[in-house]
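Have a look at start.cif below; it lists mmCIF, C-alpha atoms.
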```cif
data_target
#
loop_
_atom_site.label_atom_id
_atom_site.label_comp_id
_atom_site.auth_asym_id
_atom_site.auth_seq_id
_atom_site.Cartn_x
_atom_site.Cartn_y
_atom_site.Cartn_z
CA MET G 1 116.69 2.64 29.01
CA ASN G 2 115.43 0.45 26.12
CA LYS G 3 114.68 -2.35 28.59
CA LEU G 4 112.70 0.08 30.74
CA LYS G 5 110.69 1.28 27.73
CA ASN G 6 109.89 -2.30 26.72
CA LEU G 7 108.80 -3.12 30.27
CA ALA G 8 106.54 -0.06 30.33
CA VAL G 9 104.84 -1.06 27.07
CA VAL G 10 104.26 -4.64 28.21
CA LEU G 11 102.85 -3.59 31.59
CA PHE G 12 100.67 -0.90 30.02
CA VAL G 13 99.05 -3.39 27.63
CA PHE G 14 98.73 -6.04 30.33
CA TYR G 15 97.13 -3.57 32.70
CA GLY G 16 94.71 -2.34 30.03
CA LEU G 17 93.53 -5.91 29.45
CA SER G 18 93.33 -6.66 33.17
CA VAL G 19 90.90 -3.76 33.71
CA PHE G 20 88.23 -5.76 31.91
CA ALA G 21 89.34 -9.25 32.96
CA GLN G 22 89.36 -8.84 36.73
CA LEU G 23 86.61 -8.28 39.25
CA GLY G 24 87.78 -5.48 41.50
CA THR G 25 85.16 -5.82 44.25
CA SER G 26 82.64 -8.23 45.76
CA SER G 27 80.62 -5.68 47.73
CA PRO G 28 76.80 -5.55 47.54
CA TYR G 29 77.14 -1.79 48.03
CA SER G 30 78.78 -1.56 44.59
CA ARG G 31 75.24 -1.87 43.18
CA PHE G 32 74.73 1.87 43.66
CA GLY G 33 76.02 4.79 41.64
CA LEU G 34 79.05 3.94 39.51
CA GLY G 35 80.16 1.21 41.93
CA ASP G 36 82.92 1.23 44.53
CA LEU G 37 85.07 4.30 43.88
CA GLU G 38 88.77 3.49 43.96
CA GLY G 39 90.09 6.84 45.24
CA ASN G 40 93.80 6.64 46.03
CA VAL G 41 95.33 3.44 44.68
CA PHE G 42 99.02 4.19 45.33
CA PRO G 43 100.47 2.19 48.26
CA LEU G 44 102.47 5.23 49.39
CA CYS G 45 99.27 7.31 49.59
CA ASN G 46 97.24 4.52 51.21
CA ALA G 47 99.85 4.06 53.95
CA LEU G 48 99.48 7.77 54.78
CA GLY G 49 95.70 7.42 55.10
CA GLY G 50 95.14 9.04 51.70
CA GLY G 51 96.23 12.53 52.81
CA VAL G 52 98.03 13.52 49.61
CA THR G 53 96.57 16.84 48.37
CA ALA G 54 99.65 18.76 49.56
CA LEU G 55 102.13 15.92 48.93
CA SER G 56 104.95 16.38 46.42
CA GLY G 57 108.53 15.28 45.97
CA SER G 58 111.22 14.68 43.38
CA ASP G 59 110.59 10.91 43.54
CA ILE G 60 106.77 10.96 43.98
CA VAL G 61 104.10 10.81 41.26
CA ASN G 62 100.90 12.27 42.74
CA PRO G 63 98.06 12.52 40.17
CA SER G 64 95.69 13.50 43.01
CA ASN G 65 97.13 17.01 42.71
CA PRO G 66 98.59 17.84 39.26
CA ALA G 67 100.31 20.92 40.71
CA SER G 68 102.84 18.49 42.26
CA TYR G 69 104.40 17.78 38.84
CA THR G 70 106.80 20.76 39.11
CA SER G 71 108.81 18.94 41.83
CA PHE G 72 110.71 16.58 39.52
CA ARG G 73 114.47 16.95 39.11
CA ALA G 74 116.01 17.94 35.79
CA ASN G 75 116.49 15.03 33.35
CA SER G 76 114.63 12.66 35.67
CA PHE G 77 112.18 9.99 34.56
CA LEU G 78 109.74 8.39 37.02
CA PHE G 79 107.94 5.14 36.33
CA SER G 80 105.59 3.36 38.76
CA THR G 81 103.22 0.39 38.64
CA GLY G 82 101.71 -1.98 41.17
CA GLY G 83 98.80 -4.04 42.38
CA LEU G 84 96.20 -4.34 45.14
CA HIS G 85 94.63 -7.27 46.97
CA LYS G 86 91.52 -6.92 49.12
CA THR G 87 89.98 -9.44 51.50
CA ILE G 88 86.52 -8.45 52.69
CA GLN G 89 84.15 -9.98 55.25
CA ILE G 90 80.48 -9.13 54.65
CA GLN G 91 77.98 -9.78 57.43
CA ASN G 92 74.48 -9.08 58.69
CA LEU G 93 72.85 -10.17 61.96
CA LYS G 94 72.67 -13.82 60.81
CA ASP G 95 75.27 -14.64 58.18
CA ARG G 96 78.72 -13.70 56.98
CA GLN G 97 80.93 -14.44 54.01
CA ILE G 98 84.49 -13.70 52.89
CA ALA G 99 85.59 -12.64 49.41
CA ASN G 100 88.98 -11.93 47.83
CA ASN G 101 89.81 -9.64 44.92
CA SER G 102 93.09 -8.70 43.25
CA ALA G 103 93.89 -6.27 40.45
CA PHE G 104 96.56 -3.96 39.09
CA SER G 105 96.43 -0.58 40.81
CA HIS G 106 98.17 1.90 38.52
CA LEU G 107 100.69 2.63 35.84
CA THR G 108 102.20 6.13 35.72
CA ILE G 109 105.06 7.94 34.02
CA ALA G 110 106.28 11.42 34.98
CA PHE G 111 109.05 13.77 33.86
CA PRO G 112 110.07 17.46 33.92
CA ILE G 113 109.57 19.59 30.81
CA SER G 114 111.66 22.54 31.98
CA SER G 115 112.86 24.04 35.26
CA LYS G 116 109.33 25.40 35.83
CA MET G 117 107.16 22.72 34.18
CA GLY G 118 106.47 19.03 34.67
CA ALA G 119 104.09 16.43 33.28
CA SER G 120 102.65 12.98 33.98
CA VAL G 121 100.62 10.40 32.08
CA GLY G 122 99.07 7.20 33.34
CA MET G 123 96.20 4.78 33.69
CA LEU G 124 94.19 4.30 36.90
CA PRO G 125 91.08 2.40 37.96
CA PHE G 126 88.09 4.65 38.71
CA SER G 127 85.36 2.32 40.02
CA ASN G 128 84.36 -1.35 40.21
CA ILE G 129 81.10 -3.28 40.36
CA GLY G 130 80.82 -6.85 41.63
CA TYR G 131 77.84 -8.20 43.57
CA THR G 132 75.32 -11.05 43.85
CA LEU G 133 72.08 -10.57 45.79
CA VAL G 134 69.29 -13.14 46.23
CA ALA G 135 65.76 -12.35 47.48
CA ARG G 136 62.89 -14.81 47.94
CA ASP G 137 59.47 -14.15 46.40
CA LYS G 138 57.12 -16.33 48.45
CA LEU G 139 54.04 -15.40 46.40
CA PHE G 140 55.42 -16.91 43.18
CA ASN G 141 57.81 -19.44 44.80
CA ALA G 142 60.79 -17.98 43.01
CA ASP G 143 64.25 -16.59 43.69
CA MET G 144 65.01 -13.04 42.57
CA ILE G 145 68.72 -12.95 41.67
CA TYR G 146 70.56 -9.65 41.15
CA THR G 147 74.15 -9.64 39.86
CA GLY G 148 76.55 -7.05 38.54
CA ASP G 149 80.11 -6.75 37.25
CA GLY G 150 82.38 -4.41 35.35
CA GLY G 151 84.25 -1.23 36.07
CA LEU G 152 85.51 2.12 34.87
CA SER G 153 89.08 3.20 34.22
CA LYS G 154 90.71 6.48 33.34
CA VAL G 155 93.69 7.54 31.29
CA TYR G 156 95.05 10.93 32.28
CA PHE G 157 97.58 13.43 31.03
CA GLY G 158 98.58 16.28 33.30
CA ALA G 159 100.95 19.22 33.33
CA ALA G 160 101.99 21.81 35.91
CA TYR G 161 103.66 25.22 35.84
CA GLU G 162 105.47 27.17 38.56
CA PRO G 163 105.05 30.91 37.76
CA PHE G 164 107.09 31.92 40.80
CA LYS G 165 109.09 30.08 43.44
CA GLY G 166 106.96 28.03 45.81
CA PHE G 167 103.66 28.36 43.92
CA SER G 168 102.51 25.95 41.21
CA LEU G 169 99.30 25.18 39.38
CA GLY G 170 98.38 22.15 37.29
CA ILE G 171 95.65 20.38 35.38
CA ASN G 172 94.79 16.76 34.60
CA ALA G 173 92.80 15.93 31.47
CA SER G 174 91.25 12.49 32.04
CA TYR G 175 89.42 10.16 29.67
CA LEU G 176 86.98 7.92 31.54
CA PHE G 177 85.79 4.70 29.91
CA GLY G 178 84.42 1.26 30.70
CA GLY G 179 81.31 -0.87 31.05
CA LEU G 180 78.91 -1.76 33.87
CA ASN G 181 76.55 -4.77 33.73
CA ARG G 182 73.48 -5.07 35.95
CA ARG G 183 71.42 -8.26 35.67
CA LYS G 184 68.15 -9.53 37.11
CA ARG G 185 66.76 -13.07 36.98
CA ILE G 186 63.55 -14.74 38.17
CA ASP G 187 64.20 -18.42 38.93
CA TYR G 188 60.94 -20.36 39.58
CA ASP G 189 60.87 -23.50 41.72
CA ASP G 190 58.43 -25.08 39.25
CA GLU G 191 60.55 -26.20 36.29
CA SER G 192 57.51 -26.15 34.01
CA PHE G 193 57.59 -22.35 34.22
CA PHE G 194 59.90 -20.38 31.99
CA ASP G 195 62.39 -18.24 33.90
CA SER G 196 63.14 -14.70 32.78
CA ARG G 197 66.21 -12.50 32.93
CA SER G 198 67.21 -8.98 31.97
CA ASN G 199 70.54 -7.30 31.46
CA ALA G 200 71.35 -3.59 31.38
CA SER G 201 74.77 -3.07 29.79
CA ILE G 202 76.04 0.47 30.38
CA ASN G 203 78.98 1.82 28.36
CA LEU G 204 80.42 5.14 29.47
CA LYS G 205 83.10 7.39 28.01
CA GLY G 206 84.11 11.01 28.04
CA TYR G 207 86.58 13.64 29.21
CA TYR G 208 86.74 15.59 32.45
CA TYR G 209 89.30 17.90 34.04
CA GLU G 210 90.88 18.34 37.47
CA LEU G 211 92.64 21.50 38.64
CA GLY G 212 95.31 21.71 41.32
CA LEU G 213 97.16 24.42 43.27
CA MET G 214 100.08 24.10 45.64
CA TYR G 215 102.13 26.55 47.68
CA LYS G 216 105.36 25.62 49.47
CA LYS G 217 107.21 27.68 52.05
CA GLU G 218 110.75 26.67 52.94
CA PHE G 219 112.24 27.48 56.32
CA SER G 220 115.72 27.00 57.76
CA ASN G 221 117.13 23.55 58.53
CA GLU G 222 115.37 21.90 55.51
CA LYS G 223 111.90 22.42 56.97
CA GLU G 224 109.05 22.90 54.49
CA PHE G 225 105.34 23.65 54.86
CA SER G 226 102.91 23.06 51.96
CA VAL G 227 99.25 23.83 51.23
CA GLY G 228 97.37 22.07 48.43
CA LEU G 229 93.96 22.42 46.79
CA THR G 230 92.27 20.37 44.06
CA ALA G 231 88.84 20.77 42.49
CA ASN G 232 86.68 19.93 39.51
CA ASN G 233 83.21 21.03 38.46
CA ASN G 234 80.21 18.90 37.48
CA SER G 235 81.16 16.91 34.37
CA SER G 236 78.84 15.38 31.77
CA LEU G 237 79.93 12.14 30.04
CA ARG G 238 78.21 10.13 27.30
CA VAL G 239 76.36 6.92 28.18
CA LYS G 240 74.93 4.13 26.02
CA GLN G 241 72.68 1.58 27.76
CA VAL G 242 71.57 -1.63 26.02
CA ASN G 243 68.63 -3.43 27.66
CA ILE G 244 67.78 -7.06 26.89
CA VAL G 245 64.91 -9.07 28.40
CA GLU G 246 64.76 -12.83 27.70
CA THR G 247 62.64 -15.84 28.54
CA ILE G 248 64.68 -18.98 29.23
CA SER G 249 64.06 -22.62 29.97
CA GLY G 250 64.44 -23.42 33.66
CA THR G 251 65.87 -26.89 32.90
CA SER G 252 68.24 -26.35 29.95
CA GLY G 253 68.85 -22.62 30.26
CA THR G 254 68.26 -22.10 26.52
CA VAL G 255 66.72 -18.83 25.37
CA LYS G 256 63.07 -19.33 24.34
CA ASP G 257 62.18 -15.75 23.51
CA THR G 258 63.73 -12.30 23.45
CA ALA G 259 61.01 -10.04 24.75
CA ASN G 260 62.66 -6.66 24.46
CA ILE G 261 65.85 -5.11 23.17
CA GLY G 262 66.25 -1.39 23.66
CA VAL G 263 69.08 1.12 23.34
CA VAL G 264 69.06 4.28 25.44
CA TRP G 265 71.47 7.18 24.94
CA GLY G 266 72.05 9.67 27.70
CA GLU G 267 74.61 11.17 30.04
CA VAL G 268 76.10 10.71 33.45
CA ILE G 269 76.80 13.70 35.69
CA LEU G 270 79.98 13.35 37.73
CA PRO G 271 79.56 15.70 40.71
CA LYS G 272 81.99 18.45 41.61
CA TYR G 273 84.78 17.63 44.02
CA MET G 274 87.10 19.65 46.26
CA SER G 275 90.00 18.66 48.47
CA ALA G 276 92.30 20.75 50.69
CA GLY G 277 95.48 19.50 52.33
CA LEU G 278 98.48 20.42 54.46
CA SER G 279 101.91 18.87 54.73
CA TYR G 280 104.99 19.48 56.84
CA ARG G 281 108.40 18.08 55.97
CA ASN G 282 111.47 18.15 58.20
CA GLY G 283 114.25 17.25 55.80
CA GLU G 284 114.17 13.56 54.91
CA LYS G 285 113.35 12.47 58.46
CA TRP G 286 109.72 13.49 59.09
CA LEU G 287 106.68 14.00 56.86
CA LEU G 288 103.20 14.87 58.19
CA VAL G 289 100.09 15.17 55.97
CA ALA G 290 96.38 15.93 56.49
CA ASP G 291 93.42 16.19 54.07
CA TYR G 292 89.77 17.19 54.01
CA SER G 293 87.61 16.52 50.94
CA ILE G 294 83.96 16.82 49.91
CA GLN G 295 81.98 15.74 46.85
CA ASN G 296 78.39 16.64 45.94
CA TRP G 297 77.03 13.20 45.06
CA SER G 298 73.47 14.52 45.42
CA ASP G 299 74.06 16.05 41.95
CA TYR G 300 74.87 12.64 40.42
CA THR G 301 72.57 11.20 37.74
CA LEU G 302 72.91 8.30 35.29
CA ILE G 303 70.41 8.64 32.43
CA GLY G 304 68.17 10.59 34.79
CA GLU G 305 68.48 8.19 37.78
CA SER G 306 70.13 9.48 40.95
CA ASP G 307 70.27 6.34 43.16
CA ASN G 308 69.51 8.73 46.08
CA LEU G 309 73.19 9.34 46.79
CA SER G 310 74.28 11.84 49.45
CA ASN G 311 77.12 14.33 49.60
CA SER G 312 80.31 12.71 50.87
CA MET G 313 83.03 13.95 53.22
CA ARG G 314 86.44 12.54 54.16
CA PHE G 315 89.15 13.33 56.75
CA SER G 316 92.54 11.66 56.42
CA GLY G 317 96.06 12.06 57.69
CA GLY G 318 99.35 10.30 58.20
CA MET G 319 103.04 10.53 58.89
CA GLN G 320 106.29 9.13 57.53
CA TYR G 321 109.54 8.63 59.42
CA THR G 322 112.97 7.89 57.95
CA PRO G 323 115.63 7.24 60.63
CA ASP G 324 118.65 8.16 58.46
CA PHE G 325 118.10 8.60 54.71
CA ASN G 326 121.85 8.79 53.99
CA SER G 327 122.97 5.87 56.14
CA VAL G 328 125.52 3.60 54.43
CA THR G 329 125.96 1.12 57.27
CA ASN G 330 122.35 0.33 58.28
CA TYR G 331 119.89 -0.50 55.50
CA TYR G 332 116.83 -0.34 57.79
CA LYS G 333 117.60 3.28 58.69
CA ARG G 334 117.11 4.23 55.04
CA MET G 335 113.64 2.67 54.91
CA GLN G 336 110.54 4.89 55.19
CA TYR G 337 108.00 3.94 57.87
CA ARG G 338 104.42 5.18 57.41
CA LEU G 339 101.22 5.34 59.44
CA GLY G 340 97.81 6.81 58.59
CA ALA G 341 94.07 6.92 59.34
CA ALA G 342 90.88 8.04 57.59
CA TYR G 343 87.19 8.64 58.35
CA SER G 344 84.47 9.33 55.80
CA ASN G 345 80.75 9.75 55.22
CA THR G 346 80.23 7.75 52.02
CA PRO G 347 77.73 8.70 49.28
CA LEU G 348 75.49 5.74 50.26
CA THR G 349 72.36 6.42 52.32
CA LEU G 350 70.19 3.34 52.86
CA ASN G 351 67.25 2.92 55.24
CA ASP G 352 67.77 6.52 56.39
CA THR G 353 71.37 5.70 57.38
CA GLN G 354 74.39 7.30 55.71
CA LEU G 355 77.16 4.72 55.70
CA LYS G 356 80.46 5.55 57.42
CA GLU G 357 83.88 4.18 56.59
CA MET G 358 86.86 4.13 58.95
CA SER G 359 90.36 2.80 58.38
CA ILE G 360 93.89 2.71 59.74
CA SER G 361 96.92 1.97 57.62
CA PHE G 362 100.65 1.49 57.73
CA GLY G 363 103.40 0.71 55.27
CA PHE G 364 107.01 0.92 54.20
CA GLY G 365 109.14 2.49 51.51
CA ILE G 366 111.90 0.01 50.69
CA PRO G 367 114.85 1.25 48.60
CA VAL G 368 116.80 -1.27 46.56
CA LYS G 369 120.53 -1.31 47.23
CA LYS G 370 122.68 0.25 44.51
CA SER G 371 119.62 0.97 42.39
CA ARG G 372 117.14 3.73 41.62
CA THR G 373 114.29 1.31 42.24
CA LYS G 374 112.03 1.46 45.29
CA TYR G 375 109.20 -0.72 46.58
CA ASP G 376 106.25 0.71 48.50
CA VAL G 377 104.06 -1.55 50.65
CA SER G 378 100.80 -0.63 52.37
CA ILE G 379 98.31 -2.48 54.58
CA THR G 380 94.91 -0.95 55.33
CA LEU G 381 92.40 -2.23 57.89
CA GLY G 382 88.91 -0.79 57.64
CA GLN G 383 85.19 -1.05 58.12
CA ARG G 384 82.20 0.25 56.15
CA GLY G 385 78.53 0.11 57.03
CA THR G 386 76.65 -1.38 59.97
CA THR G 387 74.37 -4.30 60.81
CA ASP G 388 71.75 -1.89 62.19
CA ASN G 389 68.58 -1.11 60.22
CA ASN G 390 68.87 -4.36 58.19
CA LEU G 391 72.12 -3.23 56.55
CA LEU G 392 75.43 -4.96 55.92
CA LYS G 393 78.77 -4.39 57.64
CA GLU G 394 81.96 -4.84 55.68
CA GLN G 395 85.34 -5.34 57.32
CA PHE G 396 88.32 -5.41 55.01
CA ILE G 397 92.07 -5.67 54.81
CA LYS G 398 93.77 -4.25 51.74
CA PHE G 399 97.36 -4.92 50.64
CA GLY G 400 99.17 -2.69 48.18
CA LEU G 401 102.53 -3.13 46.45
CA SER G 402 104.18 -0.86 43.91
CA VAL G 403 107.56 -0.69 42.25
CA SER G 404 108.96 2.68 41.21
CA TYR G 405 111.97 3.56 39.12
CA ASN G 406 113.59 7.00 39.23
CA GLY G 407 115.84 7.17 36.20
CA ILE G 408 117.80 9.74 34.24
CA TRP G 409 117.43 10.43 30.54
CA PHE G 410 118.67 12.88 27.88
CA VAL G 411 122.11 12.99 29.49
CA LYS G 412 125.11 12.53 27.19
CA ARG G 413 127.62 9.89 28.21
CA LYS G 414 131.14 11.06 29.03
CA TYR G 415 134.25 9.02 28.27
CA ASP G 416 137.77 9.46 29.55
#
```
Rewritten as structure tokens:
Amino acid sequence: MNKLKNLAVVLFVFYGLSVFAQLGTSSPYSRFGLGDLEGNVFPLCNALGGGVTALSGSDIVNPSNPASYTSFRANSFLFSTGGLHKTIQIQNLKDRQIANNSAFSHLTIAFPISSKMGASVGMLPFSNIGYTLVARDKLFNADMIYTGDGGLSKVYFGAAYEPFKGFSLGINASYLFGGLNRRKRIDYDDESFFDSRSNASINLKGYYYELGLMYKKEFSNEKEFSVGLTANNNSSLRVKQVNIVETISGTSGTVKDTANIGVVWGEVILPKYMSAGLSYRNGEKWLLVADYSIQNWSDYTLIGESDNLSNSMRFSGGMQYTPDFNSVTNYYKRMQYRLGAAYSNTPLTLNDTQLKEMSISFGFGIPVKKSRTKYDVSITLGQRGTTDNNLLKEQFIKFGLSVSYNGIWFVKRKYD
């Protein structure tokens, strides 16, 4: 147990540093709003298409619905961490390019408090910004260069209570923090001209809350049907924006003059969100899940700017099959095989076109022999956007890998 605690501390610190050290996206669409929203980052959830609102289990940590925390076994201790890699091809009618990004995906710990209560704590990415855009100004013979980087992360603590058998309710208290940088530069062809650049550095922090409900109905022959619901209201978080405008030498790049430095305090409004889900479990052999979620991004503002975002909607679903969970002769029969799909209207509306995103996914749950450790692998193939109306189409493949440990603590050793 001491080794596990030390590993958790090391990974937690390493992950916290990696949030700021790694670029989680290379999408031009991350320029808008708070960037590319991460959504579900767990490989198990991704392999099921993201349909996890009604998902729970004694060996599953599901922060998407805090009501799931009552499912843990007595004296159990769940630890999970992992990483994601994304390869994306960005194209318009003339050009295309490929970018690669890797980052840690999550670190979570979960445990029961009593026979009717459970809790979880962890750190998750929330959004990422990473883009470079170049436009030509023919009037002044100059390049207009727009770049951005940074991201937001959240630390959450959640607890759930089961007032009567089959029904549970839970809450996550999350602290959102991080920084977003948006830069502009005018680069003149004539080196006798001084170039200029500006940087808006946005620091954001604050608390918000997510509520969850879940109802399970057990039938004969280990069959179980579950309904889940999660929601949060509009949340206001503090924002500090530092603006710097500089004049620089086009040849040496040295700063010649700082034209303006301003600090703006304000708030960001995170819009309300709601998700409903269903799941059906037939013992350890079959698991089916389906989700529908909406979020009112038209209510979003960042220091009074809305970015003209639209309300989003997402359908997702998936299934898991385990040939023989208790097999002792065939290892592959104890593996979990997953398949999923998702379709969404994203918050982005550009040139009168609301961008769609579609994806299919598959993955595996791989138990380690004679151990309480399990690996989850997911692969997601998807597309966002279109080349119509002078827009960009993104095609991506995303790999996810997590390692989970389901241990036992607070149990006295017995000796003969």
| Using the chain letters and numbers from the file, which residues does the PyMOL selection byres ((chain G and resi 407) around 7) grab, as a ChimeraX atom specification? | /G:76-78,372,405-406,408-409
Write out, as a CSV table (one decimal), in the frame of the given file, the residues just selected, with C-alpha atoms.
```
chain,number,residue,atom,x,y,z
G,76,SER,CA,114.6,12.7,35.7
G,77,PHE,CA,112.2,10.0,34.6
G,78,LEU,CA,109.7,8.4,37.0
G,372,ARG,CA,117.1,3.7,41.6
G,405,TYR,CA,112.0,3.6,39.1
G,406,ASN,CA,113.6,7.0,39.2
G,408,ILE,CA,117.8,9.7,34.2
G,409,TRP,CA,117.4,10.4,30.5
```
| said: Please return as a PyMOL selection string every residue within 8 Å of (73.3, 12.8, 51.5), taking into account all atoms listed in the file and the file's own coordinates. | reply: chain G and resi 297-298+308-312+347-349+354
| said: As a check of understanding, name the residues that the PyMOL selection byres ((chain G and resi 193) around 12) selects in the supplied structure, as a PyMOL selection string. | reply: chain G and resi 140-142+186-192+194-196+247-251+253+256
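Using all atoms listed in the file, the smallest distance between any of G:Val289, G:Phe157, G:Ile90, G:Leu48 and Gly385 of chain G comes from G:Ile90.
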Run through the PyMOL selection byres ((chain G and resi 260-267) around 12) on the given coordinates and return the selected residues as a PDB file with C-alpha atoms, in the coordinates of the input.
```pdb
ATOM      1  CA  SER G 196      63.140 -14.700  32.780  1.00  0.00           C
ATOM      2  CA  ARG G 197      66.210 -12.500  32.930  1.00  0.00           C
ATOM      3  CA  SER G 198      67.210  -8.980  31.970  1.00  0.00           C
ATOM      4  CA  ASN G 199      70.540  -7.300  31.460  1.00  0.00           C
ATOM      5  CA  ALA G 200      71.350  -3.590  31.380  1.00  0.00           C
ATOM      6  CA  SER G 201      74.770  -3.070  29.790  1.00  0.00           C
ATOM      7  CA  ILE G 202      76.040   0.470  30.380  1.00  0.00           C
ATOM      8  CA  ASN G 203      78.980   1.820  28.360  1.00  0.00           C
ATOM      9  CA  LEU G 204      80.420   5.140  29.470  1.00  0.00           C
ATOM     10  CA  LYS G 205      83.100   7.390  28.010  1.00  0.00           C
ATOM     11  CA  GLY G 206      84.110  11.010  28.040  1.00  0.00           C
ATOM     12  CA  SER G 235      81.160  16.910  34.370  1.00  0.00           C
ATOM     13  CA  SER G 236      78.840  15.380  31.770  1.00  0.00           C
ATOM     14  CA  LEU G 237      79.930  12.140  30.040  1.00  0.00           C
ATOM     15  CA  ARG G 238      78.210  10.130  27.300  1.00  0.00           C
ATOM     16  CA  VAL G 239      76.360   6.920  28.180  1.00  0.00           C
ATOM     17  CA  LYS G 240      74.930   4.130  26.020  1.00  0.00           C
ATOM     18  CA  GLN G 241      72.680   1.580  27.760  1.00  0.00           C
ATOM     19  CA  VAL G 242      71.570  -1.630  26.020  1.00  0.00           C
ATOM     20  CA  ASN G 243      68.630  -3.430  27.660  1.00  0.00           C
ATOM     21  CA  ILE G 244      67.780  -7.060  26.890  1.00  0.00           C
ATOM     22  CA  VAL G 245      64.910  -9.070  28.400  1.00  0.00           C
ATOM     23  CA  GLU G 246      64.760 -12.830  27.700  1.00  0.00           C
ATOM     24  CA  THR G 247      62.640 -15.840  28.540  1.00  0.00           C
ATOM     25  CA  ASP G 257      62.180 -15.750  23.510  1.00  0.00           C
ATOM     26  CA  THR G 258      63.730 -12.300  23.450  1.00  0.00           C
ATOM     27  CA  ALA G 259      61.010 -10.040  24.750  1.00  0.00           C
ATOM     28  CA  VAL G 268      76.100  10.710  33.450  1.00  0.00           C
ATOM     29  CA  ILE G 269      76.800  13.700  35.690  1.00  0.00           C
ATOM     30  CA  LEU G 270      79.980  13.350  37.730  1.00  0.00           C
ATOM     31  CA  TYR G 300      74.870  12.640  40.420  1.00  0.00           C
ATOM     32  CA  THR G 301      72.570  11.200  37.740  1.00  0.00           C
ATOM     33  CA  LEU G 302      72.910   8.300  35.290  1.00  0.00           C
ATOM     34  CA  ILE G 303      70.410   8.640  32.430  1.00  0.00           C
ATOM     35  CA  GLY G 304      68.170  10.590  34.790  1.00  0.00           C
ATOM     36  CA  GLU G 305      68.480   8.190  37.780  1.00  0.00           C
ATOM     37  CA  SER G 306      70.130   9.480  40.950  1.00  0.00           C
TER      38      SER G 306
END
```
